[in-house]
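Source file: run.csv; contents: CSV, C-alpha atoms.
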chain,number,residue,atom,x,y,z
A,16,MET,CA,0.0,0.0,0.0
A,17,ASN,CA,1.2,3.5,-0.8
A,18,ASN,CA,1.8,5.1,2.6
A,19,SER,CA,3.2,8.4,1.3
A,20,ILE,CA,2.2,11.8,2.6
A,21,LYS,CA,-0.9,13.3,1.1
A,22,GLU,CA,-1.6,17.0,1.5
A,23,ILE,CA,-4.9,18.5,2.3
A,24,TYR,CA,-5.2,22.3,1.9
A,25,ASP,CA,-8.8,22.9,2.9
A,26,ARG,CA,-10.6,21.3,5.9
A,27,ASP,CA,-13.4,23.9,6.0
A,28,LYS,CA,-16.3,21.4,6.1
A,29,THR,CA,-14.8,19.0,8.6
A,30,TYR,CA,-15.6,21.0,11.7
A,31,SER,CA,-11.9,21.4,12.3
A,32,LYS,CA,-11.1,23.5,15.4
A,33,LYS,CA,-8.1,24.9,13.6
A,34,TRP,CA,-10.0,26.1,10.5
A,35,ASN,CA,-13.5,26.8,11.8
A,36,GLU,CA,-12.9,28.9,14.9
A,37,GLN,CA,-11.9,31.9,12.9
A,38,GLU,CA,-12.8,34.1,9.9
A,39,VAL,CA,-12.8,32.3,6.6
A,40,ASN,CA,-10.2,34.5,5.0
A,41,VAL,CA,-7.6,33.9,7.8
A,42,LEU,CA,-4.9,31.1,7.3
A,43,PRO,CA,-4.4,29.0,10.4
A,44,PHE,CA,-0.9,28.1,11.6
A,45,SER,CA,-1.9,28.0,15.3
A,46,ILE,CA,-3.3,24.7,16.6
A,47,ALA,CA,-0.8,21.8,16.5
A,48,ASP,CA,-2.4,19.4,14.1
A,49,MET,CA,-1.2,18.7,10.5
A,50,GLU,CA,-2.6,19.4,7.1
A,51,PHE,CA,-1.6,15.9,6.0
A,52,MET,CA,-3.8,12.8,5.8
A,53,ALA,CA,-3.0,10.0,8.3
A,54,PRO,CA,-1.1,7.0,6.9
A,55,MET,CA,-3.2,5.1,4.3
A,56,SER,CA,-2.6,1.9,6.3
A,57,VAL,CA,-4.4,3.6,9.3
A,58,ILE,CA,-7.2,4.8,7.0
A,59,ARG,CA,-7.6,1.3,5.6
A,60,ASP,CA,-7.8,-0.4,9.0
A,61,MET,CA,-10.2,2.2,10.4
A,62,THR,CA,-12.4,1.9,7.3
A,63,HIS,CA,-12.4,-1.9,7.7
A,64,ARG,CA,-13.4,-1.5,11.3
A,65,ALA,CA,-16.2,1.0,10.4
A,66,ARG,CA,-17.7,-1.4,7.9
A,67,HIS,CA,-18.4,-3.9,10.8
A,68,GLY,CA,-21.2,-1.7,11.8
A,69,ILE,CA,-21.2,-2.2,15.5
A,70,TYR,CA,-19.3,0.3,17.6
A,71,GLY,CA,-19.9,-0.9,21.2
A,72,TYR,CA,-17.9,-0.8,24.4
A,73,THR,CA,-14.3,-1.7,23.5
A,74,LEU,CA,-11.4,-3.4,25.4
A,75,ARG,CA,-7.7,-2.8,24.7
A,76,SER,CA,-6.3,-5.8,22.8
A,77,GLU,CA,-2.9,-7.5,23.2
A,78,GLY,CA,-2.1,-6.1,19.8
A,79,TYR,CA,-2.6,-2.6,21.1
A,80,TYR,CA,-0.2,-3.1,24.0
A,81,ASP,CA,2.3,-4.9,21.8
A,82,ALA,CA,2.3,-2.0,19.3
A,83,ILE,CA,3.1,0.5,22.1
A,84,ILE,CA,5.8,-1.7,23.6
A,85,ASN,CA,7.4,-2.5,20.2
A,86,TRP,CA,7.3,1.2,19.1
A,87,ASN,CA,9.2,2.3,22.2
A,88,LYS,CA,11.7,-0.5,21.9
A,89,THR,CA,12.4,0.3,18.2
A,90,ARG,CA,12.2,4.1,18.2
A,91,ASN,CA,13.4,4.9,21.7
A,92,ASN,CA,15.4,1.9,22.8
A,93,TRP,CA,13.2,1.8,25.8
A,94,GLU,CA,11.8,-1.5,27.0
A,95,ILE,CA,8.6,-1.1,29.0
A,96,ASN,CA,6.3,-3.7,30.6
A,97,LYS,CA,2.7,-4.0,29.7
A,98,GLU,CA,1.6,-3.1,33.3
A,99,TYR,CA,3.4,0.3,33.1
A,100,ILE,CA,1.0,1.4,30.4
A,101,CYS,CA,-1.9,3.6,31.5
A,102,HIS,CA,-4.2,5.7,29.5
A,103,SER,CA,-5.9,9.1,29.1
A,104,PRO,CA,-8.2,10.6,26.5
A,105,GLY,CA,-5.4,13.2,25.9
A,106,ILE,CA,-2.2,14.4,27.4
A,107,VAL,CA,-3.7,17.6,28.7
A,108,THR,CA,-6.4,15.5,30.4
A,109,ALA,CA,-3.6,13.4,31.9
A,110,LEU,CA,-1.9,16.6,33.3
A,111,ASN,CA,-5.1,17.5,35.1
A,112,LEU,CA,-5.5,14.0,36.4
A,113,ILE,CA,-1.9,14.0,37.6
A,114,ILE,CA,-2.3,17.4,39.3
A,115,GLN,CA,-5.4,16.1,41.2
A,116,THR,CA,-3.7,12.8,42.1
A,117,TYR,CA,-0.3,13.9,43.4
A,118,THR,CA,-0.8,17.5,44.7
A,119,SER,CA,-3.1,19.5,46.9
A,120,ILE,CA,-4.7,23.0,46.4
A,121,GLY,CA,-2.0,25.6,46.8
A,122,ASP,CA,0.9,23.3,45.9
A,123,GLY,CA,3.5,24.5,43.4
A,124,ILE,CA,4.3,23.0,40.0
A,125,VAL,CA,7.5,24.0,38.1
A,126,ILE,CA,7.3,24.7,34.4
A,127,GLN,CA,10.1,25.9,32.1
A,128,SER,CA,8.8,28.8,30.1
A,129,PRO,CA,8.1,29.8,27.4
A,130,VAL,CA,6.3,26.5,27.4
A,131,TYR,CA,3.1,24.8,26.1
A,132,TYR,CA,0.4,27.0,27.5
A,133,PRO,CA,-2.0,24.2,28.7
A,134,PHE,CA,0.6,23.5,31.3
A,135,ILE,CA,-0.2,27.0,32.8
A,136,ASN,CA,-3.9,26.6,32.3
A,137,SER,CA,-4.0,23.1,33.9
A,138,ILE,CA,-2.2,24.3,37.0
A,139,LYS,CA,-4.3,27.5,37.5
A,140,ASN,CA,-7.6,25.7,36.8
A,141,ASN,CA,-6.8,23.2,39.6
A,142,GLN,CA,-5.9,26.1,42.1
A,143,ARG,CA,-2.2,25.2,42.2
A,144,LYS,CA,0.7,27.6,41.9
A,145,VAL,CA,2.6,28.1,38.6
A,146,VAL,CA,6.3,28.2,39.5
A,147,PHE,CA,8.4,29.5,36.5
A,148,ASN,CA,11.9,28.3,35.7
A,149,GLU,CA,12.5,30.5,32.6
A,150,LEU,CA,14.7,29.1,29.9
A,151,ILE,CA,17.8,31.0,28.9
A,152,ASN,CA,17.7,32.2,25.3
A,153,ASP,CA,21.4,32.2,24.4
A,154,ASN,CA,21.5,33.8,20.9
A,155,GLY,CA,18.7,31.6,19.6
A,156,THR,CA,19.7,28.4,21.5
A,157,TYR,CA,17.6,27.7,24.6
A,158,LYS,CA,19.3,26.3,27.7
A,159,ILE,CA,18.1,25.4,31.2
A,160,ASP,CA,18.9,27.7,34.1
A,161,TYR,CA,19.9,25.0,36.6
A,162,LEU,CA,20.7,27.4,39.4
A,163,ASP,CA,17.2,28.9,39.3
A,164,LEU,CA,15.7,25.4,38.7
A,165,GLU,CA,17.2,24.1,41.9
A,166,ASN,CA,16.0,27.2,43.8
A,167,GLN,CA,12.4,26.5,42.6
A,168,LEU,CA,12.6,22.7,43.2
A,169,LYS,CA,13.7,23.1,46.8
A,170,ARG,CA,10.7,25.1,47.8
A,171,GLU,CA,8.5,23.2,50.3
A,172,ASP,CA,5.3,23.7,48.3
A,173,VAL,CA,6.7,22.4,45.0
A,174,LYS,CA,5.6,18.8,44.2
A,175,LEU,CA,5.9,18.4,40.4
A,176,LEU,CA,8.0,19.4,37.4
A,177,PHE,CA,6.1,19.5,34.1
A,178,PHE,CA,8.9,18.8,31.7
A,179,CYS,CA,8.4,19.3,27.9
A,180,SER,CA,10.7,17.0,25.8
A,181,PRO,CA,11.1,17.8,23.0
A,182,HIS,CA,10.2,21.3,24.0
A,183,ASN,CA,7.1,23.1,22.6
A,184,PRO,CA,7.4,25.8,21.5
A,185,VAL,CA,11.2,26.4,21.3
A,186,GLY,CA,12.0,23.1,19.6
A,187,ARG,CA,14.8,21.9,21.8
A,188,VAL,CA,15.6,18.2,21.9
A,189,TRP,CA,17.3,17.8,25.2
A,190,ASN,CA,20.5,15.8,25.3
A,191,LYS,CA,21.3,13.0,27.8
A,192,GLU,CA,23.5,15.1,30.0
A,193,GLU,CA,20.7,17.8,30.4
A,194,LEU,CA,18.1,15.1,31.2
A,195,ILE,CA,20.2,13.5,33.8
A,196,LYS,CA,21.0,16.8,35.5
A,197,ILE,CA,17.3,17.7,35.6
A,198,GLY,CA,16.4,14.3,36.8
A,199,ASN,CA,19.0,14.3,39.6
A,200,LEU,CA,17.9,17.7,40.8
A,201,CYS,CA,14.3,16.4,41.1
A,202,LEU,CA,15.5,13.3,42.9
A,203,LYS,CA,17.5,15.4,45.3
A,204,HIS,CA,14.5,17.5,46.2
A,205,ASN,CA,11.8,14.8,46.0
A,206,VAL,CA,9.9,16.4,43.1
A,207,LEU,CA,8.0,14.1,40.7
A,208,ILE,CA,8.8,14.6,37.0
A,209,ILE,CA,6.0,14.6,34.5
A,210,SER,CA,7.7,14.3,31.1
A,211,ASP,CA,5.5,15.3,28.2
A,212,GLU,CA,7.1,13.5,25.2
A,213,VAL,CA,4.3,13.7,22.7
A,214,HIS,CA,6.6,15.2,20.1
A,215,SER,CA,9.3,12.7,20.6
A,216,ASP,CA,8.9,11.1,17.2
A,217,ILE,CA,9.2,14.4,15.3
A,218,LEU,CA,13.0,14.7,15.2
A,219,LEU,CA,14.7,17.0,12.7
A,220,ASN,CA,18.1,17.0,11.0
A,221,GLY,CA,19.4,14.0,12.9
A,222,SER,CA,18.4,15.0,16.4
A,223,GLU,CA,18.2,12.1,18.9
A,224,HIS,CA,15.5,11.9,21.6
A,225,ASN,CA,16.1,10.2,24.9
A,226,CYS,CA,13.2,9.1,27.1
A,227,LEU,CA,14.1,10.5,30.5
A,228,ALA,CA,12.6,7.5,32.3
A,229,LYS,CA,15.0,5.0,30.6
A,230,LEU,CA,18.2,6.7,31.8
A,231,SER,CA,18.2,5.1,35.3
A,232,ASP,CA,16.1,3.0,37.6
A,233,ASP,CA,15.8,6.0,40.0
A,234,LEU,CA,14.5,8.3,37.2
A,235,SER,CA,12.1,5.6,36.0
A,236,ASN,CA,10.6,5.4,39.5
A,237,ASN,CA,10.4,9.2,39.9
A,238,SER,CA,8.8,10.0,36.5
A,239,ILE,CA,5.6,9.7,34.5
A,240,THR,CA,5.9,9.8,30.8
A,241,CYS,CA,3.1,11.1,28.5
A,242,MET,CA,3.1,9.9,24.9
A,243,ALA,CA,0.6,9.6,22.1
A,244,PRO,CA,0.4,9.0,18.3
A,245,SER,CA,-1.6,12.2,18.0
A,246,LYS,CA,1.2,14.5,16.8
A,247,THR,CA,3.2,11.8,15.1
A,248,PHE,CA,0.4,10.5,12.8
A,249,ASN,CA,-2.1,13.4,12.9
A,250,LEU,CA,-4.6,11.4,15.1
A,251,ALA,CA,-5.4,13.9,17.8
A,252,GLY,CA,-9.1,13.5,17.2
A,253,LEU,CA,-9.0,9.8,18.3
A,254,GLN,CA,-8.4,11.1,21.9
A,255,THR,CA,-6.1,8.3,22.9
A,256,SER,CA,-2.9,8.8,24.9
A,257,THR,CA,-0.4,6.6,26.6
A,258,ILE,CA,0.7,7.4,30.2
A,259,ILE,CA,3.7,5.2,31.2
A,260,ILE,CA,4.1,4.8,35.0
A,261,PRO,CA,6.8,2.2,36.1
A,262,ASN,CA,6.4,3.0,39.8
A,263,ASN,CA,3.7,0.7,41.3
A,264,ASN,CA,2.5,3.2,43.9
A,265,LEU,CA,2.3,6.1,41.6
A,266,ARG,CA,0.5,4.0,39.0
A,267,ARG,CA,-2.0,2.7,41.5
A,268,ASN,CA,-2.9,6.2,42.6
A,269,TYR,CA,-3.2,7.5,39.0
A,270,LEU,CA,-5.5,4.6,38.1
A,271,LYS,CA,-7.7,5.4,41.1
A,272,THR,CA,-8.2,8.9,39.8
A,273,LEU,CA,-8.8,7.7,36.3
A,274,GLU,CA,-11.4,5.2,37.3
A,275,SER,CA,-13.1,7.7,39.7
A,276,LEU,CA,-13.9,9.9,36.7
A,277,SER,CA,-14.6,6.9,34.3
A,278,LEU,CA,-11.9,8.0,31.9
A,279,ASN,CA,-10.3,4.6,31.3
A,280,LYS,CA,-12.3,3.8,28.2
A,281,ILE,CA,-11.3,3.6,24.6
A,282,THR,CA,-13.3,3.8,21.3
A,283,PRO,CA,-13.1,1.1,18.7
A,284,PHE,CA,-11.5,3.7,16.3
A,285,GLY,CA,-9.0,4.8,19.0
A,286,LEU,CA,-7.9,1.2,19.5
A,287,THR,CA,-7.6,0.5,15.7
A,288,GLY,CA,-5.9,3.8,14.9
A,289,VAL,CA,-3.2,3.5,17.6
A,290,GLU,CA,-2.4,-0.1,16.8
A,291,SER,CA,-2.3,0.4,13.1
A,292,ALA,CA,-0.2,3.6,13.3
A,293,TYR,CA,2.5,2.1,15.5
A,294,LYS,CA,2.6,-1.2,13.6
A,295,ASN,CA,2.6,0.2,10.0
A,296,GLY,CA,3.4,3.9,10.1
A,297,GLU,CA,7.1,4.1,10.3
A,298,ASP,CA,7.7,4.6,6.5
A,299,TRP,CA,5.1,7.4,6.5
A,300,LEU,CA,6.8,9.0,9.5
A,301,ASN,CA,10.1,9.0,7.7
A,302,ASP,CA,8.5,10.7,4.7
A,303,LEU,CA,6.9,13.2,7.1
A,304,ILE,CA,10.3,14.1,8.6
A,305,ASN,CA,11.7,14.7,5.1
A,306,LYS,CA,8.8,17.0,4.2
A,307,LEU,CA,9.0,18.9,7.5
A,308,GLU,CA,12.8,19.5,7.0
A,309,ASP,CA,12.1,20.7,3.5
A,310,ASN,CA,9.4,23.1,4.8
A,311,LEU,CA,11.7,24.4,7.5
A,312,LYS,CA,14.4,25.2,5.0
A,313,PHE,CA,11.9,27.0,2.9
A,314,ILE,CA,10.8,29.2,5.9
A,315,GLU,CA,14.4,29.9,6.8
A,316,ASN,CA,15.3,31.0,3.3
A,317,TYR,CA,12.1,33.1,2.9
A,318,LEU,CA,12.7,35.0,6.1
A,319,ILE,CA,16.3,35.7,5.3
A,320,SER,CA,15.4,37.0,1.8
A,321,ASN,CA,12.1,38.8,2.5
A,322,ILE,CA,11.3,39.4,6.2
A,323,THR,CA,14.6,40.2,7.9
A,324,ASP,CA,12.8,41.6,11.0
A,325,ILE,CA,11.6,38.1,11.9
A,326,LYS,CA,14.2,35.5,13.0
A,327,LEU,CA,13.6,31.7,13.0
A,328,ILE,CA,14.8,29.8,16.0
A,329,GLN,CA,15.9,26.5,14.5
A,330,PRO,CA,13.9,23.7,16.0
A,331,GLN,CA,15.6,20.3,16.6
A,332,GLY,CA,12.2,18.7,17.0
A,333,THR,CA,8.4,19.2,16.6
A,334,TYR,CA,6.7,20.8,13.6
A,335,LEU,CA,6.4,24.2,15.3
A,336,ALA,CA,8.6,27.1,14.3
A,337,TRP,CA,9.4,29.6,17.1
A,338,MET,CA,9.9,33.0,15.5
A,339,ASP,CA,11.5,36.1,17.1
A,340,CYS,CA,9.5,39.2,16.1
A,341,ARG,CA,11.0,41.6,18.7
A,342,SER,CA,12.7,43.7,16.0
A,343,LEU,CA,9.3,44.8,14.8
A,344,GLY,CA,9.0,46.9,18.0
A,345,MET,CA,5.4,45.9,18.6
A,346,SER,CA,3.8,45.2,22.0
A,347,ASP,CA,2.3,41.7,22.4
A,348,LYS,CA,-1.2,43.0,21.7
A,349,GLU,CA,-0.1,45.0,18.7
A,350,LEU,CA,1.7,41.9,17.3
A,351,GLU,CA,-1.3,39.7,17.9
A,352,SER,CA,-3.6,42.2,16.2
A,353,PHE,CA,-1.2,42.7,13.3
A,354,MET,CA,-0.9,39.0,12.5
A,355,LEU,CA,-4.7,38.3,12.7
A,356,ASN,CA,-6.2,41.5,11.4
A,357,GLU,CA,-3.6,42.9,9.0
A,358,ALA,CA,-1.7,39.8,7.8
A,359,LYS,CA,-4.7,37.6,8.1
A,360,VAL,CA,-2.7,34.7,9.5
A,361,ASN,CA,-3.6,32.9,12.8
A,362,VAL,CA,-0.4,32.1,14.7
A,363,ARG,CA,0.0,31.3,18.4
A,364,GLN,CA,1.2,34.3,20.3
A,365,GLY,CA,4.4,34.0,22.3
A,366,TYR,CA,3.2,35.7,25.4
A,367,GLN,CA,0.7,32.9,25.9
A,368,PHE,CA,3.6,30.6,26.7
A,369,GLY,CA,4.6,32.5,29.8
A,370,PRO,CA,7.8,34.5,30.7
A,371,GLY,CA,10.3,34.5,27.8
A,372,GLY,CA,7.6,34.3,25.1
A,373,SER,CA,6.9,38.0,24.7
A,374,GLY,CA,7.6,39.2,21.1
A,375,PHE,CA,7.6,35.7,19.6
A,376,ILE,CA,5.1,33.7,17.6
A,377,ARG,CA,4.7,30.0,17.1
A,378,PHE,CA,4.1,28.9,13.5
A,379,ASN,CA,2.9,25.4,12.6
A,380,PHE,CA,4.7,24.3,9.4
A,381,ALA,CA,3.1,20.8,9.1
A,382,CYS,CA,1.3,21.8,5.9
A,383,SER,CA,1.8,22.2,2.2
A,384,LYS,CA,4.6,24.5,1.1
A,385,LYS,CA,2.0,26.4,-0.9
A,386,MET,CA,0.1,27.2,2.3
A,387,ILE,CA,3.4,28.2,4.1
A,388,LYS,CA,4.3,30.5,1.2
A,389,GLU,CA,1.0,32.2,1.2
A,390,GLY,CA,1.1,32.7,4.9
A,391,LEU,CA,4.6,34.3,4.7
A,392,GLN,CA,3.6,36.4,1.8
A,393,ARG,CA,0.7,37.8,3.7
A,394,ILE,CA,3.0,38.7,6.6
A,395,GLN,CA,5.5,40.3,4.2
A,396,TYR,CA,2.8,42.3,2.4
A,397,ALA,CA,1.3,43.5,5.7
A,398,LEU,CA,4.7,44.5,7.1
A,399,ASP,CA,5.4,46.5,3.9
A,400,LEU,CA,2.2,48.4,4.4
A,401,TYR,CA,2.9,48.9,8.1
A,402,LYS,CA,6.4,50.3,7.5
A,403,ASN,CA,5.2,52.6,4.7
A,404,LYS,CA,2.5,53.9,7.0
A,405,GLY,CA,5.1,54.6,9.6
A,406,ARG,CA,7.3,56.5,7.2
A,407,ARG,CA,4.4,58.6,6.0
A,408,LYS,CA,3.9,59.7,9.6
The structure in this file should be written as structure tokens.
Amino acid sequence: MNNSIKEIYDRDKTYSKKWNEQEVNVLPFSIADMEFMAPMSVIRDMTHRARHGIYGYTLRSEGYYDAIINWNKTRNNWEINKEYICHSPGIVTALNLIIQTYTSIGDGIVIQSPVYYPFINSIKNNQRKVVFNELINDNGTYKIDYLDLENQLKREDVKLLFFCSPHNPVGRVWNKEELIKIGNLCLKHNVLIISDEVHSDILLNGSEHNCLAKLSDDLSNNSITCMAPSKTFNLAGLQTSTIIIPNNNLRRNYLKTLESLSLNKITPFGLTGVESAYKNGEDWLNDLINKLEDNLKFIENYLISNITDIKLIQPQGTYLAWMDCRSLGMSDKELESFMLNEAKVNVRQGYQFGPGGSGFIRFNFACSKKMIKEGLQRIQYALDLYKNKGRRK
């Protein structure tokens, strides 16, 4: 079967959150799903399942578990046991469940900003404290401020670290030495690590991902790893995530919370899609990586040639480009209004990711080059008008 990437340019009539929650003449580069069809092998298997005609309550099969175990063994060199595998309808749902399971109202949770904004929302919505450990932007390369991190971890109220690996939105793929240093600091101060590794399959230009939990037995027992095929294979709508918890006590408590809210179920299409993707999707993923790298090079060249006021922060992973717009001299609200109302592109605004995000935008480049070019041309044209207006004043 031909499992090559197939582009979709218009999803207007699919009730897409990305496309339908905005004006029709605005191009969306905001929400992190892709404009590519899922692997044809997944579509085939889900179509076959749909034709059965009965979509009743569904159990997780041995094939489902085997697919997750074998994927991690092959891709991540990480051997996990079946009993470690827990579930959630989505990783953001899992973050909320984790907060409710392992912390109390008023406890602190460390995040490394600028970082995936639902981290912040989940903490605040559960009446916990957001504790920022802002990343250091070293001339476009983001690094961890370990001195500040330890100062935050040793606070009595801090119970968890929400760790993003690879990092969304700055695109860092953390190396083994960085992971061990972070992990040891958390062990030293008895802080549980929640490692969001949903983008771990999207590695660019030879980057290598290391699962934090596989680096030592101590780290395995002090971490919860969140994964899903949602970003990798464009299956977010299936609402199926994998939460890997090697520690027996941690796992038992998580499952109690999951069951108390009756969230441990799976749909027949979630079961089929996950198993099919992990068993048959590797060639498709390799093609995807090639396309993303080509798109990224196009963006880099376009900005250098046409929009010198916007700088690309080179991502090592994810399909999200973090762009530095500070040279434009706009406030956050001015930049937000400019992109949406003048350029007619919907990008995620950097200030939403917390301290360190002001003056940046996040641009989803998992789409056709045609769509990327049109989006960048709109920004360029709007900037030309903006600068000419300023000169006339």
Exercise for the section: Find the spatial neighbours of Val360 (chain A), counting all atoms listed in the file, within a cut-off of 10 Å - ignore same-chain residues fewer than 6 positions away - and output them as a list of chain:residue names. Expected result: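 Using all atoms listed in the file, the neighbours found are A:Asn40, A:Val41, A:Leu42, A:Pro43, A:Phe44, A:Ser45, A:Glu351, A:Phe353, A:Met354, A:Phe378, A:Glu389, A:Gly390, A:Leu391, A:Arg393, A:Ile394.
Nearest-residue note for Thr282 (chain A): choosing from A:Pro104, A:Lys359, A:Asn199, A:Gly68, the minimum distance belongs to A:Pro104, counting all atoms listed in the file.
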Handout entry: Using all atoms listed in the file: which of A:Tyr317, A:Ala109, A:Arg363, A:Arg377 has the shortest distance to Met338 (chain A)
Key =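 The closest residue to Met338 (chain A) is A:Arg377.
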Practice task
Would you please work out which residue, of A:Asp324, A:Asp211, A:Glu349, A:Asp216, is nearest to Gln395 (chain A) when using only C-alpha atoms?
Solution key: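 So, comparing all the options, the nearest one is A:Asp324.
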Residues of region 136-252 of chain A that approach region 73-92 of chain A to 12 Å or less, counting all atoms listed in the file: could you list each one with the shortest pair of atoms and its distance in Å to one decimal, rows by chain and increasing residue number, as a Markdown table?
| residue | atom | partner | partner_atom | distance |
| --- | --- | --- | --- | --- |
| A:Glu212 | CA | A:Asn91 | CA | 11.2 |
| A:Ser215 | CA | A:Asn91 | CA | 8.9 |
| A:Asp216 | CA | A:Arg90 | CA | 7.8 |
| A:Ile217 | CA | A:Arg90 | CA | 11.1 |
| A:Leu218 | CA | A:Arg90 | CA | 11.0 |
| A:Glu223 | CA | A:Asn91 | CA | 9.1 |
| A:His224 | CA | A:Asn91 | CA | 7.3 |
| A:Asn225 | CA | A:Asn91 | CA | 6.8 |
| A:Cys226 | CA | A:Asn91 | CA | 6.8 |
| A:Leu227 | CA | A:Asn91 | CA | 10.5 |
| A:Ala228 | CA | A:Asn91 | CA | 10.9 |
| A:Lys229 | CA | A:Asn92 | CA | 8.4 |
| A:Leu230 | CA | A:Asn92 | CA | 10.6 |
| A:Thr240 | CA | A:Asn87 | CA | 11.9 |
| A:Met242 | CA | A:Ile83 | CA | 9.8 |
| A:Ala243 | CA | A:Ile83 | CA | 9.4 |
| A:Pro244 | CA | A:Ile83 | CA | 9.7 |
Problem - Exercise: residues within 10 Å of coordinate (-2.7, 9.0, 15.6), counting only C-alpha atoms, as a list in words - result: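 Final list of nearby residues, as requested, is Ala53, Pro54, Val57, Ala243, Pro244, Ser245, Lys246, Thr247, Phe248, Asn249, Leu250, Ala251, Gly252, Leu253, Gln254, Thr255, Ser256, Gly285, Thr287, Gly288, Val289, Glu290, Ser291, Ala292, Tyr293 and Gly296 of chain A.
The shortest atom-to-atom distance to Cys179 (chain A), with only C-alpha atoms taken into account, belongs to A:His214 out of A:Arg64, A:Arg59, A:His214, A:Lys384.
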Problem - Who sits within 12 Å of region 274-278 of chain A, all atoms listed in the file, same chain under 3 positions skipped, as a list in words - result: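 What passes the distance filter is Cys101, His102, Ser103, Pro104, Gly105, Thr108, Ala109, Asn111, Leu112, Gln115, Thr116, Gln254, Thr255, Ser256, Arg267, Asn268, Tyr269, Leu270, Lys271, Ile281 and Thr282 of chain A.
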Suppose we keep C-alpha atoms; can you now write the selection as a PDB file, in the frame of the given file?
ATOM      1  CA  CYS A 101      -1.900   3.600  31.500  1.00  0.00           C
ATOM      2  CA  HIS A 102      -4.200   5.700  29.500  1.00  0.00           C
ATOM      3  CA  SER A 103      -5.900   9.100  29.100  1.00  0.00           C
ATOM      4  CA  PRO A 104      -8.200  10.600  26.500  1.00  0.00           C
ATOM      5  CA  GLY A 105      -5.400  13.200  25.900  1.00  0.00           C
ATOM      6  CA  THR A 108      -6.400  15.500  30.400  1.00  0.00           C
ATOM      7  CA  ALA A 109      -3.600  13.400  31.900  1.00  0.00           C
ATOM      8  CA  ASN A 111      -5.100  17.500  35.100  1.00  0.00           C
ATOM      9  CA  LEU A 112      -5.500  14.000  36.400  1.00  0.00           C
ATOM     10  CA  GLN A 115      -5.400  16.100  41.200  1.00  0.00           C
ATOM     11  CA  THR A 116      -3.700  12.800  42.100  1.00  0.00           C
ATOM     12  CA  GLN A 254      -8.400  11.100  21.900  1.00  0.00           C
ATOM     13  CA  THR A 255      -6.100   8.300  22.900  1.00  0.00           C
ATOM     14  CA  SER A 256      -2.900   8.800  24.900  1.00  0.00           C
ATOM     15  CA  ARG A 267      -2.000   2.700  41.500  1.00  0.00           C
ATOM     16  CA  ASN A 268      -2.900   6.200  42.600  1.00  0.00           C
ATOM     17  CA  TYR A 269      -3.200   7.500  39.000  1.00  0.00           C
ATOM     18  CA  LEU A 270      -5.500   4.600  38.100  1.00  0.00           C
ATOM     19  CA  LYS A 271      -7.700   5.400  41.100  1.00  0.00           C
ATOM     20  CA  ILE A 281     -11.300   3.600  24.600  1.00  0.00           C
ATOM     21  CA  THR A 282     -13.300   3.800  21.300  1.00  0.00           C
TER      22      THR A 282
END
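Nearest to Gln364 (chain A) of all the residues A:Asn136, A:Thr29, A:Ser352, A:Asn403 is A:Ser352, based on all atoms listed in the file.
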Exercise for the section: Quick one: residues within 8 Å of (13.3, 27.8, 9.1) (file frame), counting only C-alpha atoms, please, as an MDAnalysis selection string. Expected result: chainID A and resid 310:316 318 327:329 336
Problem - Selected residue, from A:Leu175, A:Leu207, A:Leu265, A:Ala397, that lies nearest to Asn237 (chain A) when counting only C-alpha atoms - result: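 Smallest distance to Asn237 (chain A) is found for A:Leu207.
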Place N, CA and C atoms on region 180-188 of chain A and deliver the coordinates as a PDB file, in the coordinates of the input.
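Okay, this is what ended up in part-v4.pdb:
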ATOM      1  N   SER A 180       9.517  17.576  26.470  1.00  0.00           N
ATOM      2  CA  SER A 180      10.700  17.000  25.800  1.00  0.00           C
ATOM      3  C   SER A 180      10.206  16.108  24.621  1.00  0.00           C
ATOM      4  N   PRO A 181      10.479  16.553  23.370  1.00  0.00           N
ATOM      5  CA  PRO A 181      11.100  17.800  23.000  1.00  0.00           C
ATOM      6  C   PRO A 181      10.190  19.010  23.369  1.00  0.00           C
ATOM      7  N   HIS A 182      10.831  20.163  23.407  1.00  0.00           N
ATOM      8  CA  HIS A 182      10.200  21.300  24.000  1.00  0.00           C
ATOM      9  C   HIS A 182       9.292  22.046  22.978  1.00  0.00           C
ATOM     10  N   ASN A 183       8.077  22.284  23.396  1.00  0.00           N
ATOM     11  CA  ASN A 183       7.100  23.100  22.600  1.00  0.00           C
ATOM     12  C   ASN A 183       6.893  24.372  23.431  1.00  0.00           C
ATOM     13  N   PRO A 184       7.271  25.542  22.878  1.00  0.00           N
ATOM     14  CA  PRO A 184       7.400  25.800  21.500  1.00  0.00           C
ATOM     15  C   PRO A 184       8.832  26.037  20.932  1.00  0.00           C
ATOM     16  N   VAL A 185       9.869  25.987  21.796  1.00  0.00           N
ATOM     17  CA  VAL A 185      11.200  26.400  21.300  1.00  0.00           C
ATOM     18  C   VAL A 185      11.916  25.394  20.492  1.00  0.00           C
ATOM     19  N   GLY A 186      11.424  24.150  20.494  1.00  0.00           N
ATOM     20  CA  GLY A 186      12.000  23.100  19.600  1.00  0.00           C
ATOM     21  C   GLY A 186      13.217  22.439  20.051  1.00  0.00           C
ATOM     22  N   ARG A 187      13.625  22.619  21.310  1.00  0.00           N
ATOM     23  CA  ARG A 187      14.800  21.900  21.800  1.00  0.00           C
ATOM     24  C   ARG A 187      14.562  20.452  21.995  1.00  0.00           C
ATOM     25  N   VAL A 188      15.524  19.634  21.549  1.00  0.00           N
ATOM     26  CA  VAL A 188      15.600  18.200  21.900  1.00  0.00           C
ATOM     27  C   VAL A 188      16.699  18.092  22.934  1.00  0.00           C
TER      28      VAL A 188
END
